[in-house]
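Here's data19.pdb, which has PDB, C-alpha atoms and all ligand atoms:
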ATOM      1  CA  MET L   1     -22.513  47.815 -34.753
ATOM      2  CA  GLY L   2     -19.840  50.321 -35.761
ATOM      3  CA  ILE L   3     -20.477  53.910 -36.689
ATOM      4  CA  ALA L   4     -18.326  55.653 -39.317
ATOM      5  CA  GLY L   5     -15.565  53.056 -38.896
ATOM      6  CA  PHE L   6     -15.557  53.361 -35.067
ATOM      7  CA  GLY L   7     -16.629  50.697 -32.580
ATOM      8  CA  LYS L   8     -17.539  47.064 -33.274
ATOM      9  CA  THR L   9     -16.953  45.495 -36.659
ATOM     10  CA  GLU L  10     -17.775  42.193 -38.313
ATOM     11  CA  LEU L  11     -14.163  41.990 -39.506
ATOM     12  CA  ARG L  12     -12.337  39.775 -37.037
ATOM     13  CA  TYR L  13      -8.860  41.263 -36.845
ATOM     14  CA  ASP L  14      -8.118  38.609 -34.214
ATOM     15  CA  MET L  15      -8.584  35.752 -36.720
ATOM     16  CA  PHE L  16      -4.855  34.998 -36.710
ATOM     17  CA  ASP L  17      -4.518  34.980 -32.910
ATOM     18  CA  PHE L  18      -6.531  31.909 -32.083
ATOM     19  CA  VAL L  19      -3.957  29.173 -31.714
ATOM     20  CA  ARG L  20      -3.538  27.915 -28.153
ATOM     21  CA  ASN L  21      -0.934  25.204 -28.661
ATOM     22  CA  ALA L  22       1.104  23.255 -31.211
ATOM     23  CA  ALA L  23      -1.559  20.535 -31.531
ATOM     24  CA  GLU L  24      -4.183  23.132 -32.458
ATOM     25  CA  ALA L  25      -1.808  24.747 -34.955
ATOM     26  CA  LYS L  26      -1.320  21.334 -36.582
ATOM     27  CA  ARG L  27      -5.061  20.742 -36.829
ATOM     28  CA  LEU L  28      -5.562  24.150 -38.419
ATOM     29  CA  VAL L  29      -2.931  23.326 -41.067
ATOM     30  CA  LYS L  30      -5.030  20.230 -41.834
ATOM     31  CA  CYS L  31      -8.134  22.432 -42.170
ATOM     32  CA  GLU L  32      -6.308  24.591 -44.697
ATOM     33  CA  GLY L  33      -5.337  21.380 -46.526
ATOM     34  CA  ILE L  34      -9.036  20.388 -46.706
ATOM     35  CA  TYR L  35      -9.778  23.621 -48.606
ATOM     36  CA  HIS L  36      -6.919  23.115 -51.100
ATOM     37  CA  ARG L  37      -7.690  19.419 -51.547
ATOM     38  CA  GLY L  38     -11.308  20.394 -52.250
ATOM     39  CA  GLN L  39     -10.160  22.689 -55.038
ATOM     40  CA  GLU L  40      -7.897  20.048 -56.505
ATOM     41  CA  LEU L  41     -10.602  17.373 -56.445
ATOM     42  CA  ALA L  42     -13.551  19.576 -57.493
ATOM     43  CA  TRP L  43     -15.568  17.866 -60.199
ATOM     44  CA  ASP L  44     -17.897  19.343 -62.763
ATOM     45  CA  GLY L  45     -21.377  18.152 -61.783
ATOM     46  CA  LYS L  46     -23.029  18.904 -65.144
ATOM     47  CA  ASP L  47     -20.222  17.184 -67.006
ATOM     48  CA  ILE L  48     -20.026  14.090 -64.788
ATOM     49  CA  LEU L  49     -23.790  13.454 -64.663
ATOM     50  CA  ALA L  50     -24.051  13.773 -68.476
ATOM     51  CA  MET L  51     -20.978  11.545 -68.909
ATOM     52  CA  LEU L  52     -22.417   8.835 -66.620
ATOM     53  CA  ILE L  53     -25.852   8.923 -68.284
ATOM     54  CA  GLU L  54     -24.177   8.515 -71.668
ATOM     55  CA  LYS L  55     -21.850   5.773 -70.432
ATOM     56  CA  HIS L  56     -24.719   3.690 -69.044
ATOM     57  CA  GLY L  57     -27.164   4.529 -71.838
ATOM     58  CA  GLY L  58     -29.581   6.346 -69.511
ATOM     59  CA  ILE L  59     -30.925   5.609 -66.057
ATOM     60  CA  HIS L  60     -31.920   2.001 -65.456
ATOM     61  CA  VAL L  61     -33.751   0.992 -62.327
ATOM     62  CA  ALA L  62     -36.122  -1.923 -61.754
ATOM     63  CA  PRO L  63     -39.678  -0.456 -61.747
ATOM     64  CA  GLU L  64     -40.446  -1.874 -58.267
ATOM     65  CA  LYS L  65     -37.397  -0.099 -56.818
ATOM     66  CA  LYS L  66     -37.923   3.331 -58.370
ATOM     67  CA  GLU L  67     -40.226   4.836 -55.725
ATOM     68  CA  ALA L  68     -38.061   3.565 -52.861
ATOM     69  CA  LEU L  69     -34.978   5.067 -54.488
ATOM     70  CA  LYS L  70     -36.788   8.391 -54.895
ATOM     71  CA  ARG L  71     -37.849   8.459 -51.242
ATOM     72  CA  VAL L  72     -34.359   7.688 -49.912
ATOM     73  CA  PHE L  73     -32.667  10.219 -52.181
ATOM     74  CA  ALA L  74     -35.280  12.923 -51.570
ATOM     75  CA  ILE L  75     -33.943  12.941 -48.004
ATOM     76  CA  ILE L  76     -30.411  13.099 -49.367
ATOM     77  CA  LEU L  77     -31.396  16.021 -51.644
ATOM     78  CA  TRP L  78     -32.743  18.147 -48.798
ATOM     79  CA  GLY L  79     -29.906  16.964 -46.593
ATOM     80  CA  GLU L  80     -27.496  18.390 -49.182
ATOM     81  CA  LEU L  81     -29.294  21.734 -48.992
ATOM     82  CA  ALA L  82     -29.033  21.620 -45.191
ATOM     83  CA  ALA L  83     -25.314  20.803 -45.474
ATOM     84  CA  TRP L  84     -24.889  23.706 -47.907
ATOM     85  CA  LYS L  85     -26.603  26.112 -45.508
ATOM     86  CA  VAL L  86     -24.745  24.828 -42.428
ATOM     87  CA  SER L  87     -21.343  25.000 -44.139
ATOM     88  CA  ALA L  88     -22.127  28.562 -45.295
ATOM     89  CA  GLN L  89     -23.099  29.444 -41.705
ATOM     90  CA  LEU L  90     -19.824  27.932 -40.488
ATOM     91  CA  ALA L  91     -17.866  29.751 -43.206
ATOM     92  CA  ASP L  92     -19.274  32.985 -41.796
ATOM     93  CA  GLY L  93     -19.112  32.074 -38.112
ATOM     94  CA  LEU L  94     -15.795  30.252 -37.675
ATOM     95  CA  VAL L  95     -13.073  32.784 -36.955
ATOM     96  CA  PRO L  96      -9.640  31.250 -37.694
ATOM     97  CA  LEU L  97      -8.631  31.602 -41.347
ATOM     98  CA  GLU L  98      -7.969  27.884 -41.980
ATOM     99  CA  ALA L  99     -11.283  26.661 -40.514
ATOM    100  CA  LYS L 100     -13.155  29.381 -42.429
ATOM    101  CA  MET L 101     -11.440  28.258 -45.650
ATOM    102  CA  ALA L 102     -12.383  24.589 -45.084
ATOM    103  CA  ALA L 103     -16.044  25.487 -44.413
ATOM    104  CA  THR L 104     -16.114  27.734 -47.498
ATOM    105  CA  GLY L 105     -14.728  24.894 -49.633
ATOM    106  CA  GLN L 106     -17.417  22.617 -48.246
ATOM    107  CA  ALA L 107     -20.191  25.097 -49.143
ATOM    108  CA  PHE L 108     -18.874  25.008 -52.727
ATOM    109  CA  ASP L 109     -19.010  21.163 -52.728
ATOM    110  CA  GLU L 110     -22.496  21.045 -51.188
ATOM    111  CA  ALA L 111     -23.895  23.400 -53.837
ATOM    112  CA  ARG L 112     -22.660  20.911 -56.430
ATOM    113  CA  HIS L 113     -24.097  17.949 -54.478
ATOM    114  CA  PHE L 114     -27.462  19.676 -54.284
ATOM    115  CA  TYR L 115     -27.852  20.613 -57.945
ATOM    116  CA  VAL L 116     -26.485  17.276 -59.235
ATOM    117  CA  MET L 117     -28.862  15.307 -56.982
ATOM    118  CA  HIS L 118     -31.723  17.569 -58.061
ATOM    119  CA  ASP L 119     -30.889  16.984 -61.745
ATOM    120  CA  TYR L 120     -30.538  13.248 -61.188
ATOM    121  CA  LEU L 121     -33.868  12.993 -59.342
ATOM    122  CA  LEU L 122     -35.593  14.908 -62.147
ATOM    123  CA  HIS L 123     -34.505  12.084 -64.453
ATOM    124  CA  LEU L 124     -36.185   9.673 -62.030
ATOM    125  CA  GLY L 125     -39.368  11.751 -62.145
ATOM    126  CA  TYR L 126     -39.115  13.165 -58.607
ATOM    127  CA  VAL L 127     -41.195  16.230 -57.780
ATOM    128  CA  PRO L 128     -39.681  18.159 -54.820
ATOM    129  CA  GLU L 129     -41.877  17.976 -51.717
ATOM    130  CA  ARG L 130     -41.666  18.427 -47.958
ATOM    131  CA  LEU L 131     -39.836  15.738 -45.997
ATOM    132  CA  ASP L 132     -41.248  13.371 -43.378
ATOM    133  CA  ARG L 133     -41.187  14.619 -39.778
ATOM    134  CA  ALA L 134     -38.128  12.663 -38.595
ATOM    135  CA  PRO L 135     -35.588  13.768 -41.237
ATOM    136  CA  GLN L 136     -37.017  17.291 -41.076
ATOM    137  CA  ALA L 137     -36.559  17.401 -37.281
ATOM    138  CA  LEU L 138     -33.021  16.019 -37.560
ATOM    139  CA  LEU L 139     -31.953  18.648 -40.092
ATOM    140  CA  ASP L 140     -33.783  21.448 -38.226
ATOM    141  CA  LEU L 141     -31.863  20.681 -35.027
ATOM    142  CA  VAL L 142     -28.595  21.493 -36.784
ATOM    143  CA  LEU L 143     -29.923  24.343 -38.920
ATOM    144  CA  ASP L 144     -31.690  26.164 -36.071
ATOM    145  CA  THR L 145     -28.958  26.178 -33.420
ATOM    146  CA  ASP L 146     -26.700  29.232 -33.193
ATOM    147  CA  ASN L 147     -23.974  27.202 -31.495
ATOM    148  CA  LEU L 148     -21.191  26.471 -34.003
ATOM    149  CA  ALA L 149     -19.941  23.419 -32.065
ATOM    150  CA  TYR L 150     -23.436  21.910 -32.238
ATOM    151  CA  LYS L 151     -23.520  22.575 -35.984
ATOM    152  CA  LEU L 152     -20.104  21.016 -36.524
ATOM    153  CA  LEU L 153     -20.895  17.971 -34.391
ATOM    154  CA  GLY L 154     -24.385  17.597 -35.870
ATOM    155  CA  MET L 155     -23.587  18.084 -39.537
ATOM    156  CA  GLN L 156     -19.946  17.107 -40.093
ATOM    157  CA  LEU L 157     -19.664  14.271 -37.574
ATOM    158  CA  MET L 158     -23.177  12.828 -37.231
ATOM    159  CA  ILE L 159     -25.207  13.564 -40.397
ATOM    160  CA  GLU L 160     -22.364  13.359 -42.921
ATOM    161  CA  THR L 161     -21.135  10.043 -41.522
ATOM    162  CA  LEU L 162     -24.688   8.707 -41.835
ATOM    163  CA  ALA L 163     -24.886  10.034 -45.417
ATOM    164  CA  LEU L 164     -21.548   8.352 -46.213
ATOM    165  CA  THR L 165     -22.958   5.097 -44.856
ATOM    166  CA  VAL L 166     -26.094   5.369 -47.020
ATOM    167  CA  PHE L 167     -24.016   6.259 -50.121
ATOM    168  CA  GLN L 168     -21.680   3.317 -49.600
ATOM    169  CA  THR L 169     -24.475   0.835 -48.870
ATOM    170  CA  VAL L 170     -26.627   1.945 -51.826
ATOM    171  CA  ARG L 171     -23.570   1.847 -54.103
ATOM    172  CA  GLU L 172     -22.880  -1.741 -53.097
ATOM    173  CA  THR L 173     -26.431  -2.817 -54.082
ATOM    174  CA  GLU L 174     -25.708  -1.745 -57.695
ATOM    175  CA  VAL L 175     -29.368  -0.665 -57.807
ATOM    176  CA  GLU L 176     -28.872   1.931 -60.561
ATOM    177  CA  PRO L 177     -25.535   2.300 -62.396
ATOM    178  CA  VAL L 178     -25.518   6.105 -62.842
ATOM    179  CA  LEU L 179     -26.370   6.758 -59.196
ATOM    180  CA  CYS L 180     -23.963   4.123 -57.905
ATOM    181  CA  GLU L 181     -21.075   5.633 -59.835
ATOM    182  CA  LEU L 182     -22.104   9.123 -58.789
ATOM    183  CA  MET L 183     -21.878   8.013 -55.156
ATOM    184  CA  ARG L 184     -18.087   7.619 -55.541
ATOM    185  CA  TYR L 185     -17.858  11.337 -56.282
ATOM    186  CA  TYR L 186     -20.061  12.254 -53.341
ATOM    187  CA  GLU L 187     -18.169   9.963 -50.989
ATOM    188  CA  ARG L 188     -14.813  11.552 -51.819
ATOM    189  CA  ASP L 189     -16.207  14.982 -50.910
ATOM    190  CA  GLU L 190     -18.173  13.959 -47.821
ATOM    191  CA  ALA L 191     -15.197  12.171 -46.281
ATOM    192  CA  ARG L 192     -13.297  15.477 -46.519
ATOM    193  CA  HIS L 193     -16.163  17.280 -44.791
ATOM    194  CA  VAL L 194     -16.096  14.832 -41.886
ATOM    195  CA  GLY L 195     -12.406  15.757 -41.690
ATOM    196  CA  LEU L 196     -13.306  19.402 -40.979
ATOM    197  CA  GLY L 197     -15.403  18.262 -38.006
ATOM    198  CA  MET L 198     -12.633  16.022 -36.706
ATOM    199  CA  GLN L 199      -9.985  18.736 -37.030
ATOM    200  CA  TYR L 200     -11.871  21.790 -35.783
ATOM    201  CA  LEU L 201     -14.431  20.542 -33.250
ATOM    202  CA  PRO L 202     -11.634  19.994 -30.670
ATOM    203  CA  SER L 203     -10.807  23.721 -30.850
ATOM    204  CA  LEU L 204     -14.402  24.601 -29.974
ATOM    205  CA  ILE L 205     -14.664  21.939 -27.269
ATOM    206  CA  GLN L 206     -11.483  22.969 -25.491
ATOM    207  CA  ARG L 207     -13.018  26.402 -24.902
ATOM    208  CA  MET L 208     -16.126  24.872 -23.255
ATOM    209  CA  SER L 209     -16.905  24.302 -19.582
ATOM    210  CA  LYS L 210     -17.698  20.772 -18.403
ATOM    211  CA  ARG L 211     -21.377  21.726 -18.246
ATOM    212  CA  GLU L 212     -21.312  22.924 -21.844
ATOM    213  CA  VAL L 213     -19.680  19.658 -22.954
ATOM    214  CA  HIS L 214     -22.474  17.697 -21.234
ATOM    215  CA  GLN L 215     -25.042  19.855 -23.033
ATOM    216  CA  LEU L 216     -23.263  19.103 -26.313
ATOM    217  CA  ILE L 217     -23.537  15.371 -25.592
ATOM    218  CA  THR L 218     -27.259  15.745 -24.814
ATOM    219  CA  PHE L 219     -27.626  17.450 -28.190
ATOM    220  CA  GLN L 220     -25.814  14.526 -29.816
ATOM    221  CA  VAL L 221     -28.209  12.038 -28.211
ATOM    222  CA  ARG L 222     -31.221  14.015 -29.489
ATOM    223  CA  LEU L 223     -29.706  13.848 -32.981
ATOM    224  CA  LEU L 224     -29.152  10.105 -32.690
ATOM    225  CA  ALA L 225     -32.744   9.558 -31.575
ATOM    226  CA  TRP L 226     -34.131  11.440 -34.603
ATOM    227  CA  ALA L 227     -31.686   9.624 -36.904
ATOM    228  CA  LEU L 228     -32.952   6.267 -35.595
ATOM    229  CA  TRP L 229     -36.537   7.347 -36.135
ATOM    230  CA  GLU L 230     -35.627   8.423 -39.665
ATOM    231  CA  LEU L 231     -34.103   5.010 -40.362
ATOM    232  CA  LYS L 232     -37.266   3.368 -39.034
ATOM    233  CA  VAL L 233     -39.326   5.463 -41.474
ATOM    234  CA  LEU L 234     -36.987   4.426 -44.304
ATOM    235  CA  ALA L 235     -36.856   0.723 -43.350
ATOM    236  CA  PRO L 236     -39.535  -0.402 -45.882
ATOM    237  CA  ASP L 237     -37.716   1.453 -48.689
ATOM    238  CA  PHE L 238     -34.382  -0.026 -47.664
ATOM    239  CA  ALA L 239     -35.985  -3.482 -47.704
ATOM    240  CA  ILE L 240     -37.174  -2.916 -51.301
ATOM    241  CA  LEU L 241     -33.637  -1.848 -52.268
ATOM    242  CA  GLY L 242     -32.175  -4.949 -50.632
ATOM    243  CA  ILE L 243     -30.584  -3.032 -47.760
ATOM    244  CA  ASP L 244     -30.705  -4.186 -44.150
ATOM    245  CA  PRO L 245     -31.341  -1.040 -42.024
ATOM    246  CA  ARG L 246     -29.550  -2.725 -39.142
ATOM    247  CA  GLU L 247     -26.412  -2.840 -41.291
ATOM    248  CA  VAL L 248     -26.785   0.899 -41.996
ATOM    249  CA  ILE L 249     -27.051   1.559 -38.247
ATOM    250  CA  ASP L 250     -24.053  -0.600 -37.331
ATOM    251  CA  ARG L 251     -21.890   0.808 -40.127
ATOM    252  CA  GLY L 252     -23.006   4.370 -39.392
ATOM    253  CA  ARG L 253     -22.238   3.981 -35.689
ATOM    254  CA  LYS L 254     -18.716   2.774 -36.468
ATOM    255  CA  LYS L 255     -18.064   5.797 -38.647
ATOM    256  CA  GLN L 256     -19.582   8.202 -36.111
ATOM    257  CA  LEU L 257     -17.540   6.715 -33.288
ATOM    258  CA  ALA L 258     -14.364   6.900 -35.357
ATOM    259  CA  ALA L 259     -15.009  10.585 -36.107
ATOM    260  CA  LEU L 260     -15.934  11.412 -32.495
ATOM    261  CA  TYR L 261     -12.971   9.493 -31.143
ATOM    262  CA  GLU L 262     -10.625  11.443 -33.405
ATOM    263  CA  ALA L 263     -12.141  14.757 -32.266
ATOM    264  CA  PHE L 264     -12.111  14.029 -28.519
ATOM    265  CA  ASN L 265      -8.818  12.201 -28.617
ATOM    266  CA  ALA L 266      -7.185  15.314 -30.064
ATOM    267  CA  LEU L 267      -7.805  16.882 -26.654
ATOM    268  CA  GLY L 268      -6.351  13.889 -24.848
ATOM    269  CA  TRP L 269      -9.784  13.051 -23.437
ATOM    270  CA  ALA L 270     -10.449   9.379 -22.833
ATOM    271  CA  TRP L 271     -14.096  10.093 -23.562
ATOM    272  CA  GLN L 272     -14.972   6.413 -23.757
ATOM    273  CA  ALA L 273     -14.034   6.078 -20.097
ATOM    274  CA  ASP L 274     -17.017   8.288 -19.244
ATOM    275  CA  ARG L 275     -20.052   6.149 -20.006
ATOM    276  CA  ASN L 276     -22.579   8.015 -22.096
ATOM    277  CA  TYR L 277     -25.725   6.451 -20.608
ATOM    278  CA  PRO L 278     -28.325   8.003 -22.945
ATOM    279  CA  ALA L 279     -26.312   6.854 -25.981
ATOM    280  CA  ALA L 280     -25.967   3.380 -24.438
ATOM    281  CA  VAL L 281     -29.767   3.267 -23.938
ATOM    282  CA  LEU L 282     -30.235   4.168 -27.620
ATOM    283  CA  LYS L 283     -27.857   1.379 -28.574
ATOM    284  CA  SER L 284     -29.991  -1.066 -26.591
ATOM    285  CA  ILE L 285     -33.180   0.282 -28.180
ATOM    286  CA  VAL L 286     -31.687  -0.578 -31.588
ATOM    287  CA  GLU L 287     -31.630  -4.256 -30.550
ATOM    288  CA  PHE L 288     -35.446  -4.124 -30.195
ATOM    289  CA  THR L 289     -36.351  -1.781 -33.046
ATOM    290  CA  PHE L 290     -33.902  -3.192 -35.602
ATOM    291  CA  PRO L 291     -33.261  -6.786 -34.446
ATOM    292  CA  THR L 292     -30.838  -8.998 -36.325
ATOM    293  CA  ASP L 293     -32.204 -12.034 -38.181
ATOM    294  CA  ALA L 294     -31.077 -14.307 -35.344
ATOM    295  CA  SER L 295     -32.508 -12.245 -32.484
ATOM    296  CA  ARG L 296     -35.820 -11.667 -34.292
ATOM    297  CA  LYS L 297     -36.559 -15.356 -33.896
ATOM    298  CA  ASP L 298     -35.382 -15.563 -30.297
ATOM    299  CA  LYS L 299     -36.704 -12.896 -27.915
ATOM    300  CA  ARG L 300     -34.366 -13.964 -25.086
ATOM    301  CA  ARG L 301     -31.432 -13.362 -27.370
ATOM    302  CA  MET L 302     -32.814  -9.900 -28.174
ATOM    303  CA  PHE L 303     -32.827  -8.966 -24.456
ATOM    304  CA  ALA L 304     -29.391 -10.507 -23.957
ATOM    305  CA  ASN L 305     -28.001  -8.484 -26.882
ATOM    306  CA  ALA L 306     -29.579  -5.275 -25.550
ATOM    307  CA  TRP L 307     -28.006  -5.885 -22.130
ATOM    308  CA  GLU L 308     -24.639  -6.668 -23.657
ATOM    309  CA  VAL L 309     -24.447  -3.631 -25.953
ATOM    310  CA  PHE L 310     -25.512  -1.369 -23.086
ATOM    311  CA  TRP L 311     -22.388  -2.317 -21.102
ATOM    312  CA  ASN L 312     -19.962  -3.071 -23.900
ATOM    313  CA  LYS L 313     -17.634  -0.486 -25.357
ATOM    314  CA  ASP L 314     -17.504  -0.284 -29.139
ATOM    315  CA  GLU L 315     -14.314  -1.079 -30.970
ATOM    316  CA  ILE L 316     -13.019   1.917 -32.865
ATOM    317  CA  HIS L 317     -10.996   1.814 -36.069
ATOM    318  CA  THR L 318     -10.256   5.417 -36.947
ATOM    319  CA  ALA L 319      -7.636   4.663 -39.576
ATOM    320  CA  THR L 320      -9.772   2.399 -41.757
ATOM    321  CA  GLU L 321     -13.324   3.787 -41.431
ATOM    322  CA  PHE L 322     -12.933   6.486 -44.098
ATOM    323  CA  ALA L 323     -10.317   4.820 -46.326
ATOM    324  CA  VAL L 324     -13.029   3.199 -48.459
ATOM    325  CA  HIS L 325     -14.397   6.640 -49.428
ATOM    326  CA  ASP L 326     -11.022   8.253 -50.069
ATOM    327  CA  GLY L 327      -9.953   5.434 -52.381
ATOM    328  CA  HIS L 328     -12.466   6.030 -55.201
ATOM    329  CA  ARG L 329     -11.114   7.172 -58.547
ATOM    330  CA  ILE L 330     -12.877  10.276 -59.875
ATOM    331  CA  ARG L 331     -12.457  12.663 -62.817
ATOM    332  CA  THR L 332     -11.892  16.222 -61.678
ATOM    333  CA  ALA L 333     -12.929  19.435 -63.407
ATOM    334  CA  ARG L 334      -9.276  19.795 -64.473
ATOM    335  CA  GLY L 335      -9.773  16.662 -66.563
ATOM    336  CA  VAL L 336      -7.472  14.422 -64.543
ATOM    337  CA  GLU L 337      -8.277  11.078 -62.937
ATOM    338  CA  VAL L 338      -7.339  10.966 -59.283
TER
HETATM  339 FE    FE Q 401     -22.877  16.743 -49.564
HETATM  340 FE    FE Q 402     -20.854  17.172 -47.044
END

Mind turning this structure into structure tokens?
Ligand SMILES: [Fe+2]
Ligand SMILES: [Fe+2]
Amino acid sequence: MGIAGFGKTELRYDMFDFVRNAAEAKRLVKCEGIYHRGQELAWDGKDILAMLIEKHGGIHVAPEKKEALKRVFAIILWGELAAWKVSAQLADGLVPLEAKMAATGQAFDEARHFYVMHDYLLHLGYVPERLDRAPQALLDLVLDTDNLAYKLLGMQLMIETLALTVFQTVRETEVEPVLCELMRYYERDEARHVGLGMQYLPSLIQRMSKREVHQLITFQVRLLAWALWELKVLAPDFAILGIDPREVIDRGRKKQLAALYEAFNALGWAWQADRNYPAAVLKSIVEFTFPTDASRKDKRRMFANAWEVFWNKDEIHTATEFAVHDGHRIRTARGVEV
């Protein structure tokens, strides 16, 4: 604490001195771009929700699917609040100007996601209540840590990629027209937020010791375990909505790997060469807890699959994983279609 302008201050005069190399400088320019792109693409939540309700003549969902939809999107609602809080924490905690700008832009987006989802759920008759243990624990892990790298990995790379997967998969079911169209708007924003993780996490990792990186990976595995539990809790609701939870897991993993690969690759780390055994165990557990239709009928196949995925390396397609979300046409608050 400073006294009368002497001593320590919260103002980081060193915020412009952080760049270590050209690659980091390039990534920071991309972070600045995320902030400006966010401003350009900002949409008016009140306006868009009202426009979509009018366009589709109200909210139409089959009665047997309504409760399931409420339960899935209650988690999304509180997840949006968590994302809002985490991005505000990052906006305060990240030091370099460009990263701070990107996190600030995200906080602005998440506020909109939260109030629009709240308004939408009110139309569905949702009364806000406490979450189940698994989603609560998952969000608490990221909210409670003071470590900014853990927050960035947990929220931007793990939780937001999972949210993107749920948005995309729900949208494809065409379960409710207003929500499905709204998902396009959310997806555009969330894909940008994953970008902040991909661009800035490398800067935090390159300042870590090997031990700290291993601790970060342990944290990631804890997150994955809670996320799997959460998906298990949601499985009956997904079934009602016509969604195969196994597809959510497989899609989500591809997006998470693409985001992680981008972040670690920026440091020139062949991170896939180092086998992440706890993550591989989780992958095998998925074969038992969320079997495919074929392996459900044939237990030997289930074991064979578990063995195979434990040793196999996933294929990674960084370029295409997020293209589907970036391609949606939306109407911005400036009244233009982009
Ligand atoms: Fe969001
Ligand atoms: Fe987000």

Could you work out how far atom CA of L:Ala225 lies from atom CA of L:Trp311, giving the answer in Å with one decimal?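 Spanning atom CA of L:Trp311 to atom CA of L:Ala225 is a straight-line distance of 18.9 Å.
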
What separation in Å, quoted to one decimal, exists between atom CA of L:Ala306 and atom CA of L:Asp250? 13.8 Å

Given the PyMOL selection byres (((not hetatm)) within 7 of (chain Q and resi 401)) and the file above, list the residues it selects as a CSV table (one decimal) with C-alpha atoms, in the coordinates of the input.
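Produced file selection.csv, reproduced below:
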chain,number,residue,atom,x,y,z
L,80,GLU,CA,-27.5,18.4,-49.2
L,83,ALA,CA,-25.3,20.8,-45.5
L,109,ASP,CA,-19.0,21.2,-52.7
L,110,GLU,CA,-22.5,21.0,-51.2
L,113,HIS,CA,-24.1,17.9,-54.5
L,186,TYR,CA,-20.1,12.3,-53.3
L,190,GLU,CA,-18.2,14.0,-47.8

Closest to L:Arg71 among L:Tyr126, L:Trp229, L:Tyr13, L:Phe310, using only C-alpha atoms? L:Tyr126

Can you tell me, as a PyMOL selection string, what residues are no more than 12 Å from L:Val170 when counting all atoms listed in the file, ignoring any on the same chain fewer than 2 positions away? chain L and resi 68-69+72-73+163-168+172-184+187+237-245+247-248

Might you pull out every residue within 8 Å of stretch 312-323 of chain L, with all atoms listed in the file counted and same-chain residues fewer than 6 positions away left off, and present them as a list in words?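 Near stretch 312-323 of chain L, the qualifying residues are Ala191, Lys254, Lys255, Leu257, Ala258, Ala259, Tyr261, Glu262 and Gln272 of chain L.
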
Selected residue, from L:Leu131, L:Ile34, L:Ala279, L:Ala107, that lies nearest to ligand FE 402 (chain Q) when counting all atoms listed in the file: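 Looking only at the distances to ligand FE 402 (chain Q), the closest residue turns out to be L:Ala107.
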
Determine, for each residue of chain L having at least one atom at most 12 Å from an atom of ligand FE 402 (chain Q), the closest pair of atoms and their separation in Å to one decimal, counting all atoms listed in the file; order by chain and ascending number, as a tab-separated table.
residue	atom	partner	partner_atom	distance
L:Gly38	CA	Q:FE402	FE	11.3
L:Ile76	CA	Q:FE402	FE	10.6
L:Leu77	CA	Q:FE402	FE	11.6
L:Gly79	CA	Q:FE402	FE	9.1
L:Glu80	CA	Q:FE402	FE	7.1
L:Leu81	CA	Q:FE402	FE	9.8
L:Ala82	CA	Q:FE402	FE	9.5
L:Ala83	CA	Q:FE402	FE	6.0
L:Trp84	CA	Q:FE402	FE	7.7
L:Lys85	CA	Q:FE402	FE	10.7
L:Val86	CA	Q:FE402	FE	9.7
L:Ser87	CA	Q:FE402	FE	8.4
L:Ala88	CA	Q:FE402	FE	11.6
L:Ala102	CA	Q:FE402	FE	11.4
L:Ala103	CA	Q:FE402	FE	10.0
L:Thr104	CA	Q:FE402	FE	11.6
L:Gly105	CA	Q:FE402	FE	10.2
L:Gln106	CA	Q:FE402	FE	6.6
L:Ala107	CA	Q:FE402	FE	8.2
L:Phe108	CA	Q:FE402	FE	9.9
L:Asp109	CA	Q:FE402	FE	7.2
L:Glu110	CA	Q:FE402	FE	5.9
L:Ala111	CA	Q:FE402	FE	9.7
L:Arg112	CA	Q:FE402	FE	10.3
L:His113	CA	Q:FE402	FE	8.1
L:Phe114	CA	Q:FE402	FE	10.1
L:Leu152	CA	Q:FE402	FE	11.2
L:Gly154	CA	Q:FE402	FE	11.7
L:Met155	CA	Q:FE402	FE	8.0
L:Gln156	CA	Q:FE402	FE	7.0
L:Leu157	CA	Q:FE402	FE	10.0
L:Met158	CA	Q:FE402	FE	11.0
L:Ile159	CA	Q:FE402	FE	8.7
L:Glu160	CA	Q:FE402	FE	5.8
L:Thr161	CA	Q:FE402	FE	9.0
L:Leu162	CA	Q:FE402	FE	10.7
L:Ala163	CA	Q:FE402	FE	8.4
L:Leu164	CA	Q:FE402	FE	8.9
L:Phe167	CA	Q:FE402	FE	11.8
L:Tyr185	CA	Q:FE402	FE	11.3
L:Tyr186	CA	Q:FE402	FE	8.0
L:Glu187	CA	Q:FE402	FE	8.6
L:Arg188	CA	Q:FE402	FE	9.5
L:Asp189	CA	Q:FE402	FE	6.4
L:Glu190	CA	Q:FE402	FE	4.3
L:Ala191	CA	Q:FE402	FE	7.6
L:Arg192	CA	Q:FE402	FE	7.8
L:His193	CA	Q:FE402	FE	5.2
L:Val194	CA	Q:FE402	FE	7.4
L:Gly195	CA	Q:FE402	FE	10.1
L:Leu196	CA	Q:FE402	FE	9.9
L:Gly197	CA	Q:FE402	FE	10.6

Here's the selection I'm unsure about, the PyMOL selection byres (((chain L and resi 150) around 12) and not hetatm); applied to the file above, which residues does it give, as a count of residues only? 38

Rounded to one decimal, what separation in Å do you get between atom CA of L:Met15 and atom CA of L:Lys100?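 Going from atom CA of L:Met15 over to atom CA of L:Lys100, I get 9.7 Å.
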
Could you check which of L:Glu337, L:Glu287, L:Glu98, L:Asp298 is closest to L:Glu40, using all atoms listed in the file? L:Glu337

Can you list, as number ranges by chain, every protein, DNA or RNA residue that comes within 9 Å of L:Leu228 when you count only C-alpha atoms, leaving out same-chain residues fewer than 2 positions away? L: 134, 223-226, 230-233, 249, 282, 286

Which of these, L:Asp326, L:Val116, L:Ser209, L:Leu97, has the shortest distance to L:Asp44 once you count only C-alpha atoms?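 Smallest distance to L:Asp44 is found for L:Val116.
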